[in-house]
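Engineer: As input, take upload04.csv (CSV, C-alpha atoms):
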chain,number,residue,atom,x,y,z
Z,1,MET,CA,144.2,56.9,62.5
Z,2,LEU,CA,143.4,59.8,60.3
Z,3,THR,CA,139.8,58.6,60.1
Z,4,ALA,CA,139.5,58.5,63.9
Z,5,THR,CA,141.0,62.0,64.3
Z,6,GLY,CA,138.6,63.3,61.6
Z,7,SER,CA,135.7,61.6,63.2
Z,8,TRP,CA,136.7,63.0,66.6
Z,9,ARG,CA,136.8,66.5,65.1
Z,10,ALA,CA,133.4,66.1,63.5
Z,11,ARG,CA,131.9,64.9,66.8
Z,12,THR,CA,133.5,67.7,68.7
Z,13,GLY,CA,132.2,70.3,66.1
Z,14,ILE,CA,128.7,68.8,66.3
Z,15,ALA,CA,128.7,68.8,70.1
Z,16,ALA,CA,129.9,72.4,70.2
Z,17,ALA,CA,127.2,73.5,67.7
Z,18,MET,CA,124.6,71.7,69.8
Z,19,GLY,CA,125.9,73.4,72.9
Z,20,LEU,CA,125.6,76.8,71.3
Z,21,ALA,CA,122.1,76.1,70.1
Z,22,ALA,CA,121.1,75.0,73.6
Z,23,ALA,CA,122.6,78.1,75.1
Z,24,ALA,CA,120.7,80.3,72.6
Z,25,LEU,CA,117.5,78.6,73.6
Z,26,LEU,CA,118.2,79.2,77.3
Z,27,VAL,CA,119.0,82.9,76.8
Z,28,THR,CA,116.1,83.7,74.5
Z,29,PRO,CA,113.2,82.9,76.9
Z,30,ALA,CA,114.9,84.7,79.7
Z,31,SER,CA,115.4,87.8,77.6
Z,32,ALA,CA,111.8,87.7,76.3
Z,33,ALA,CA,110.6,87.4,79.9
Z,34,ASN,CA,112.6,90.4,81.0
Z,35,GLU,CA,110.9,92.5,78.3
Z,36,THR,CA,107.4,91.6,79.5
Z,37,ASP,CA,108.1,91.5,83.3
Z,38,ASN,CA,107.4,95.3,83.5
Z,39,LEU,CA,103.8,94.5,82.4
Z,40,TYR,CA,103.1,91.1,83.9
Z,41,SER,CA,105.3,90.3,86.8
Z,42,PRO,CA,103.5,90.3,90.2
Z,43,GLN,CA,106.6,92.3,91.4
Z,44,ALA,CA,105.3,95.3,89.4
Z,45,CYS,CA,102.5,95.9,91.9
Z,46,GLU,CA,104.1,94.4,95.1
Z,47,ASP,CA,104.6,96.7,98.0
Z,48,PRO,CA,107.7,98.8,97.0
Z,49,SER,CA,109.5,98.0,100.2
Z,50,ILE,CA,109.6,94.3,99.3
Z,51,SER,CA,109.4,94.2,95.5
Z,52,ARG,CA,112.5,92.8,93.7
Z,53,PHE,CA,111.8,95.6,91.1
Z,54,LYS,CA,114.0,98.4,92.4
Z,55,PHE,CA,112.6,101.5,90.7
Z,56,HIS,CA,109.2,102.9,91.9
Z,57,ILE,CA,107.3,105.7,90.1
Z,58,TYR,CA,104.5,107.4,92.0
Z,59,TYR,CA,101.4,109.2,90.8
Z,60,SER,CA,101.5,111.8,93.5
Z,61,ALA,CA,104.3,114.0,94.8
Z,62,GLY,CA,105.8,112.9,98.1
Z,63,MET,CA,105.8,109.3,96.9
Z,64,ASN,CA,102.1,109.1,97.5
Z,65,GLY,CA,99.1,107.7,95.6
Z,66,SER,CA,99.4,104.7,93.4
Z,67,TYR,CA,102.8,103.4,92.2
Z,68,ARG,CA,104.3,101.1,89.6
Z,69,ASN,CA,107.5,99.1,90.3
Z,70,ILE,CA,109.8,98.9,87.3
Z,71,GLY,CA,112.5,96.2,87.0
Z,72,TYR,CA,113.9,96.9,83.5
Z,73,SER,CA,114.5,99.9,81.3
Z,74,ILE,CA,111.5,100.8,79.3
Z,75,TYR,CA,111.7,102.7,76.0
Z,76,ASP,CA,108.2,104.1,76.0
Z,77,PHE,CA,105.7,103.9,78.9
Z,78,ASN,CA,102.8,103.7,76.4
Z,79,ASP,CA,104.5,101.0,74.3
Z,80,ALA,CA,105.9,98.2,76.5
Z,81,PRO,CA,106.7,94.9,74.8
Z,82,ASP,CA,103.8,92.5,75.3
Z,83,GLY,CA,105.5,89.2,74.6
Z,84,VAL,CA,103.7,88.8,71.3
Z,85,VAL,CA,105.5,89.9,68.2
Z,86,GLY,CA,104.3,93.4,67.3
Z,87,ALA,CA,102.1,93.7,70.4
Z,88,HIS,CA,102.6,96.4,73.0
Z,89,SER,CA,100.7,97.7,75.9
Z,90,ALA,CA,100.8,100.8,78.1
Z,91,LEU,CA,102.3,100.6,81.6
Z,92,THR,CA,99.7,101.6,84.2
Z,93,PHE,CA,99.8,102.5,87.8
Z,94,CYS,CA,98.8,99.7,90.1
Z,95,VAL,CA,95.2,99.6,91.3
Z,96,LYS,CA,95.3,100.0,95.1
Z,97,ASN,CA,92.2,100.4,97.2
Z,98,GLY,CA,92.1,102.6,100.3
Z,99,ALA,CA,89.4,102.8,103.0
Z,100,SER,CA,86.8,104.5,100.9
Z,101,ALA,CA,88.2,104.7,97.3
Z,102,PRO,CA,91.0,103.6,95.1
Z,103,TRP,CA,94.3,105.5,95.6
Z,104,PRO,CA,94.9,108.5,93.4
Z,105,GLY,CA,96.2,107.4,90.0
Z,106,SER,CA,95.0,103.7,90.3
Z,107,GLY,CA,94.8,102.2,86.8
Z,108,LEU,CA,95.9,105.3,84.9
Z,109,LYS,CA,98.7,105.1,82.3
Z,110,VAL,CA,102.1,106.0,83.7
Z,111,LYS,CA,103.1,108.1,80.7
Z,112,ASN,CA,103.0,111.8,81.6
Z,113,LYS,CA,101.5,111.2,85.0
Z,114,GLY,CA,104.5,110.3,87.3
Z,115,ALA,CA,105.2,112.9,90.0
Z,116,ALA,CA,107.9,111.2,92.1
Z,117,GLY,CA,110.3,108.3,92.1
Z,118,GLU,CA,112.5,106.1,94.3
Z,119,ASN,CA,115.6,104.1,93.3
Z,120,ASP,CA,116.2,101.2,95.7
Z,121,HIS,CA,118.9,99.7,93.6
Z,122,TYR,CA,122.3,99.4,95.3
Z,123,LYS,CA,124.4,99.8,92.2
Z,124,TYR,CA,122.5,101.4,89.2
Z,125,TRP,CA,121.3,105.0,88.6
Z,126,ALA,CA,117.7,105.5,87.7
Z,127,ARG,CA,116.8,108.0,84.9
Z,128,VAL,CA,113.3,109.1,84.1
Z,129,TYR,CA,113.1,110.9,80.7
Z,130,TYR,CA,110.7,113.6,79.3
Z,131,HIS,CA,110.5,111.8,75.9
Z,132,SER,CA,110.2,108.2,74.8
Z,133,GLY,CA,113.5,106.6,73.7
Z,134,TYR,CA,115.5,108.0,76.7
Z,135,LYS,CA,115.5,111.5,75.3
Z,136,GLY,CA,115.0,115.0,76.6
Z,137,ALA,CA,115.0,116.4,80.1
Z,138,GLN,CA,115.5,113.9,82.9
Z,139,ASP,CA,115.4,113.4,86.6
Z,140,VAL,CA,118.3,111.2,87.8
Z,141,MET,CA,118.4,109.2,91.1
Z,142,ALA,CA,121.6,107.8,92.4
Z,143,PRO,CA,121.5,104.3,94.1
Z,144,GLY,CA,119.3,104.6,97.2
Z,145,GLN,CA,118.0,108.1,96.3
Z,146,SER,CA,114.4,109.2,96.0
Z,147,ILE,CA,112.9,112.4,94.5
Z,148,ALA,CA,109.6,113.5,96.2
Z,149,TYR,CA,108.8,115.9,93.3
Z,150,PHE,CA,110.3,115.4,89.9
Z,151,ARG,CA,111.9,118.7,89.0
Z,152,ASN,CA,112.4,118.2,85.2
Z,153,VAL,CA,109.8,115.5,84.3
Z,154,TYR,CA,106.9,116.2,86.7
Z,155,LYS,CA,103.7,114.7,85.0
Z,156,ASN,CA,105.7,114.8,81.7
Z,157,ASN,CA,107.6,111.5,81.6
Z,158,ALA,CA,107.8,108.9,78.9
Z,159,SER,CA,110.7,106.5,79.5
Z,160,PHE,CA,112.9,105.0,82.1
Z,161,LYS,CA,116.5,103.7,82.0
Z,162,TRP,CA,119.0,102.1,84.4
Z,163,THR,CA,122.5,103.4,83.9
Z,164,GLY,CA,126.0,102.9,85.4
Z,165,LYS,CA,126.1,106.5,86.4
Take the structure I supplied and represent it as structure tokens, if you would.
Structural biologist:
Amino acid sequence: MLTATGSWRARTGIAAAMGLAAAALLVTPASAANETDNLYSPQACEDPSISRFKFHIYYSAGMNGSYRNIGYSIYDFNDAPDGVVGAHSALTFCVKNGASAPWPGSGLKVKNKGAAGENDHYKYWARVYYHSGYKGAQDVMAPGQSIAYFRNVYKNNASFKWTGK
């Protein structure tokens, strides 16, 4: 009887350990994907009105010109995680072509070039910061709010963060 109980405990412990290992494997790829989605997801350049990424930063005031949709907080617009250990890339405005030429800002780096923003999230506040690392002056948008002309970080913006308020 003691052997059966000990054996049951051992099997239960092994099963629990295997379950935790499987859960870790399931979480890791999703987390890694979130970090690179700002760079590689098709949602980043989808029309802002239908993108599942709920923050939109625009090159020109009045929410004009090229844009970039951002789904996840980003510590440094010039140093976004690339999915390869130690590799990073700059976030750029989407290349959009108009009738005779690309939209203003198309293909340019987002860092220090954003003029306006729009927060389409229903719950979270959007913060655009002057410095990398979520530091310095910032423009803050409540859920559903847009700013046609950044007052504090106009053409001087380096990071973005979602917050609870």
Engineer: Counting only C-alpha atoms, figure out which residue out of Z:Thr36, Z:Tyr129, Z:Tyr58, Z:Gly71 gets nearest to Ser89 of chain Z.
Structural biologist: Z:Thr36
Engineer: In Å, how far is it from atom CA of Trp103 of chain Z to atom CA of Ile57 of chain Z?
Structural biologist: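 Computing it gives 14.1 Å between the two atoms.
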Engineer: Suppose you want the space between atom CA of Ser73 of chain Z and atom CA of Ala126 of chain Z; what is it in Å?
Structural biologist: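 Computing it gives 9.1 Å between the two atoms.
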Engineer: In Å, rounded to a single decimal, give me how far atom CA of Pro81 of chain Z is from atom CA of His131 of chain Z.
Structural biologist: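 Atom-to-atom, atom CA of His131 of chain Z to atom CA of Pro81 of chain Z, that is 17.4 Å.
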Engineer: Give me, as a PyMOL selection string, all polymer residues having an atom no more than 12 Å from Asn38 of chain Z, counting all atoms listed in the file and skipping those fewer than 4 positions away in the same chain.
Structural biologist: chain Z and resi 32-34+42-45+52-56+68-83+88-94+110+160
Engineer: Here is a test: counting all atoms listed in the file, which residue of Z:Val153, Z:Val84, Z:Ala137, Z:Ile147 is nearest to Asn64 of chain Z?
Structural biologist: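 For Asn64 of chain Z, the nearest of the given residues is Z:Ile147.
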Engineer: List as a list in words: which residues have an atom within 12 Å of (101.8, 113.8, 95.8), counting only C-alpha atoms?
Structural biologist: Ile57, Tyr58, Tyr59, Ser60, Ala61, Gly62, Met63, Asn64, Gly65, Ser66, Tyr67, Trp103, Pro104, Gly105, Lys113, Gly114, Ala115, Ala116, Gly117, Ile147, Ala148, Tyr149, Phe150, Tyr154 and Lys155 of chain Z
Engineer: Considering all atoms listed in the file, can you say which of Z:Glu118, Z:Arg151, Z:Ala87, Z:Leu108 comes closest to Pro48 of chain Z?
Structural biologist: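 Closest to Pro48 of chain Z of all the choices is Z:Glu118.
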Engineer: If I only have part of segment 34-45 of chain Z, can you fill in all heavy atoms and write it as a tab-separated table (two decimals), in the coordinates of the input?
Structural biologist:
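Result saved to rebuild28.tsv:
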chain	number	residue	atom	x	y	z
Z	34	ASN	N	112.18	89.13	80.46
Z	34	ASN	CA	112.60	90.40	81.00
Z	34	ASN	C	111.80	91.55	80.35
Z	34	ASN	O	111.41	92.50	81.02
Z	34	ASN	CB	114.06	90.65	80.84
Z	34	ASN	CG	114.88	89.72	81.71
Z	34	ASN	OD1	114.36	89.07	82.62
Z	34	ASN	ND2	116.16	89.64	81.43
Z	35	GLU	N	111.60	91.46	79.05
Z	35	GLU	CA	110.90	92.50	78.30
Z	35	GLU	C	109.45	92.65	78.77
Z	35	GLU	O	108.89	93.73	78.74
Z	35	GLU	CB	110.99	92.29	76.83
Z	35	GLU	CG	112.38	92.48	76.28
Z	35	GLU	CD	112.44	92.26	74.78
Z	35	GLU	OE1	111.41	91.93	74.17
Z	35	GLU	OE2	113.53	92.43	74.22
Z	36	THR	N	108.82	91.55	79.15
Z	36	THR	CA	107.40	91.60	79.50
Z	36	THR	C	107.20	91.69	81.03
Z	36	THR	O	106.08	91.96	81.47
Z	36	THR	CB	106.67	90.35	78.99
Z	36	THR	OG1	107.27	89.18	79.55
Z	36	THR	CG2	106.73	90.27	77.48
Z	37	ASP	N	108.24	91.50	81.83
Z	37	ASP	CA	108.10	91.50	83.30
Z	37	ASP	C	107.55	92.89	83.77
Z	37	ASP	O	106.80	92.92	84.75
Z	37	ASP	CB	109.43	91.27	83.98
Z	37	ASP	CG	109.66	89.78	84.19
Z	37	ASP	OD1	108.77	88.98	83.85
Z	37	ASP	OD2	110.73	89.43	84.68
Z	38	ASN	N	107.93	93.99	83.12
Z	38	ASN	CA	107.40	95.30	83.50
Z	38	ASN	C	105.88	95.33	83.48
Z	38	ASN	O	105.25	96.05	84.23
Z	38	ASN	CB	107.99	96.42	82.70
Z	38	ASN	CG	109.41	96.76	83.08
Z	38	ASN	OD1	109.79	96.69	84.24
Z	38	ASN	ND2	110.22	97.11	82.10
Z	39	LEU	N	105.30	94.55	82.57
Z	39	LEU	CA	103.80	94.50	82.40
Z	39	LEU	C	103.19	93.44	83.32
Z	39	LEU	O	102.18	93.68	83.95
Z	39	LEU	CB	103.44	94.22	80.98
Z	39	LEU	CG	103.61	95.35	79.99
Z	39	LEU	CD1	103.35	94.85	78.59
Z	39	LEU	CD2	102.67	96.50	80.33
Z	40	TYR	N	103.77	92.23	83.33
Z	40	TYR	CA	103.10	91.10	83.90
Z	40	TYR	C	103.57	90.50	85.18
Z	40	TYR	O	102.89	89.68	85.79
Z	40	TYR	CB	103.01	89.98	82.82
Z	40	TYR	CG	102.30	90.42	81.57
Z	40	TYR	CD1	102.95	90.46	80.35
Z	40	TYR	CD2	100.97	90.84	81.62
Z	40	TYR	CE1	102.31	90.89	79.21
Z	40	TYR	CE2	100.32	91.27	80.47
Z	40	TYR	CZ	100.99	91.28	79.27
Z	40	TYR	OH	100.34	91.71	78.15
Z	41	SER	N	104.74	90.85	85.61
Z	41	SER	CA	105.30	90.30	86.80
Z	41	SER	C	104.46	90.75	88.05
Z	41	SER	O	104.14	91.94	88.16
Z	41	SER	CB	106.72	90.65	87.03
Z	41	SER	OG	107.16	90.20	88.30
Z	42	PRO	N	104.16	89.86	88.99
Z	42	PRO	CA	103.50	90.30	90.20
Z	42	PRO	C	104.34	91.32	91.00
Z	42	PRO	O	103.81	92.11	91.77
Z	42	PRO	CB	103.37	89.00	91.05
Z	42	PRO	CG	103.59	87.89	90.11
Z	42	PRO	CD	104.38	88.41	88.96
Z	43	GLN	N	105.66	91.33	90.75
Z	43	GLN	CA	106.60	92.30	91.40
Z	43	GLN	C	106.23	93.74	91.04
Z	43	GLN	O	106.55	94.65	91.78
Z	43	GLN	CB	108.01	91.98	91.07
Z	43	GLN	CG	108.49	90.65	91.58
Z	43	GLN	CD	108.48	90.57	93.09
Z	43	GLN	OE1	108.89	91.49	93.78
Z	43	GLN	NE2	107.99	89.46	93.62
Z	44	ALA	N	105.60	93.93	89.89
Z	44	ALA	CA	105.30	95.30	89.40
Z	44	ALA	C	104.34	96.02	90.35
Z	44	ALA	O	104.39	97.25	90.44
Z	44	ALA	CB	104.72	95.22	88.00
Z	45	CYS	N	103.48	95.28	91.04
Z	45	CYS	CA	102.50	95.90	91.90
Z	45	CYS	C	102.69	95.47	93.40
Z	45	CYS	O	101.86	95.79	94.25
Z	45	CYS	CB	101.10	95.65	91.46
Z	45	CYS	SG	100.69	96.60	89.97
